[in-house]
Structures are given as C-alpha cells and as structure tokens.
Amino acid sequence: MGEQMAQSALHLEQEADRRTRERVRKVLWKHEPLRASDSSIQLQVERGIVRLSGRVRVQALKQIAAYLARSVEGVQGVQNDLVSDSEVVRAVADALAADPLTRPHVLRVDASLGQVRLAGIAPSLEVERRALEVARAVPLALDAVSAIEIDPQAASQPTVVSS
C-alpha cells in the first residue's frame, strides 16, 4: 500500500512537471524575439524547477527567457544554462588574447548560436591554425571556421577585436 502511494505521488509530480514544461514552452514560443532569432532552447522541469539550456543570440534573450519561465504558474525556480553568442565571442576573444601566438594579431570574432567565425589578417598559416585550435578549445564554442586572410607582410597588432 505504501509503495502504491509513493508511485502515485511520483506520477502526480511527473504530470505536474509535464504540464509546467508545456506552459513554459508556450510562453517562450509566444515571445516574438525568441522565436524570430532562431534560438535553440531546451527545457527540463523537475519538481517545479525549470532548467533552460541551449543557445540564444544575445544576453538579453537569455535574461528574457529566464524571466518568462519564472512567470509561469507552477515554476518553483529557474536554472538558466543558456549560452549567448556574446558570451561565446567574449570567451574566444579572451582565449585568443591569452595565447602567445595569436595575441599580437587583430582577429575579429563573431558567433552565431555557438558557431564561431574568425576573420582578419594573419602573417602565416601557423597563426591561422593556432587561432582555430584556440577557438575550438573554448568550451562555449561549438565549432570555429576561418575567414582569416594570410599576408606575410601583415604588421603585428597588440589586441584581439570582438564584436
């Protein structure tokens, strides 16, 4: 009898989490900026705690998604594990600035839902390869591609530019 009651309580909790998940999904989907940005948001709900994960374009959308989720009936809390492209750009730019081989060169870092694009001018293929290696090693980056031009005459620059 006690086991049946425990299973019944668990079933009710799971059903409540399923309903909460569906309500949060609808609220997020109705928000035009999230929908229009092609954000990739995954939802998990356990005991009323909503976990948001995935990718959004900008930090503001990350904050808006958490705010919207908190506003839904049945939500006890929100764990916001969304990653914004601005966080990816900053992490990659910081990593390039910390690397001795890439630090002297001005490289532009862009990201789209975690996909990194490096651009600029480098004096050698070695610098381009290292920049890609550094960018791909950043945990927030899903992958990196190069649009770096190779110019052996390129003057060294002291900073990394991020957008």
# chains A, B, ... in the order shown; residues from 1 in each chain; ligands from 1
call {"tool": "select_by_dssp", "arguments": {"residues": "segment 82-134 of chain A", "states": "helix (DSSP H, G or I)", "output": "list in words"}}
result
Asp85, Ser86, Glu87, Val88, Val89, Arg90, Ala91, Val92, Ala93, Asp94, Ala95, Leu96, Ala97, Ala98, Leu125, Glu126, Val127, Glu128, Arg129, Arg130, Ala131, Leu132, Glu133 and Val134 of chain A
call {"tool": "residues_around", "arguments": {"residues": "segment 111-123 of chain A", "least_positions_apart": "2", "cutoff": "10 Å", "atoms": "only C-alpha atoms", "output": "number ranges by chain"}}
result
A: 37-40, 54-58, 83-90, 92-93, 102, 104-109, 125-128, 131-132, 135-136, 139-157, 160-163
call {"tool": "residues_around", "arguments": {"residues": "Gly77 of chain A", "least_positions_apart": "2", "cutoff": "8 Å", "atoms": "only C-alpha atoms", "output": "ChimeraX atom specification"}}
result
/A:48-50,70,75,79
call {"tool": "residues_around", "arguments": {"residues": "Glu73 of chain A", "least_positions_apart": "3", "cutoff": "10 Å", "atoms": "only C-alpha atoms", "output": "list in words"}}
result
Arg19, Thr20, Arg23, Val24, Gly48, Ala69, Arg70 and Gln76 of chain A
call {"tool": "write_last_selection", "arguments": {"atoms": "C-alpha atoms", "output": "PDB file, in the first residue's frame"}}
result
ATOM      1  CA  ARG A  19       2.190  20.483 -17.547  1.00  0.00           C
ATOM      2  CA  THR A  20       4.603  23.134 -16.268  1.00  0.00           C
ATOM      3  CA  ARG A  23       3.203  26.072 -20.185  1.00  0.00           C
ATOM      4  CA  VAL A  24       6.789  27.360 -20.186  1.00  0.00           C
ATOM      5  CA  GLY A  48       8.923  22.624 -10.453  1.00  0.00           C
ATOM      6  CA  ALA A  69       9.891  30.997 -17.376  1.00  0.00           C
ATOM      7  CA  ARG A  70       9.710  32.375 -13.813  1.00  0.00           C
ATOM      8  CA  GLN A  76       9.429  26.995  -8.370  1.00  0.00           C
TER       9      GLN A  76
END
call {"tool": "closest_residue", "arguments": {"among": "A:Ala98, A:Gly74, A:Gln42, A:His31", "to": "Arg18 of chain A", "atoms": "only C-alpha atoms"}}
result
A:Gly74
call {"tool": "closest_residue", "arguments": {"among": "A:Ala137, A:Ala66, A:Val27, A:Val72", "to": "Leu52 of chain A", "atoms": "only C-alpha atoms"}}
result
A:Ala66
call {"tool": "atom_distance", "arguments": {"atom1": "atom CA of Ser53 of chain A", "atom2": "atom CA of Asp81 of chain A"}}
result
4.7 Å
call {"tool": "atom_distance", "arguments": {"atom1": "atom CA of Gln14 of chain A", "atom2": "atom CA of Arg47 of chain A"}}
result
7.8 Å
call {"tool": "select_by_dssp", "arguments": {"residues": "chain A", "states": "strand (DSSP E)", "output": "JSON, numbers by chain"}}
result
{"A": [40, 41, 42, 43, 44, 45, 46, 49, 50, 51, 52, 53, 54, 55, 56, 77, 78, 79, 80, 81, 82, 83, 84, 107, 108, 109, 110, 111, 112, 115, 116, 117, 118, 119, 120, 121, 122, 143, 144, 145, 146, 147, 148, 149, 150, 161, 162]}
call {"tool": "atom_distance", "arguments": {"atom1": "atom CA of Glu22 of chain A", "atom2": "atom CA of Gln63 of chain A"}}
result
19.7 Å
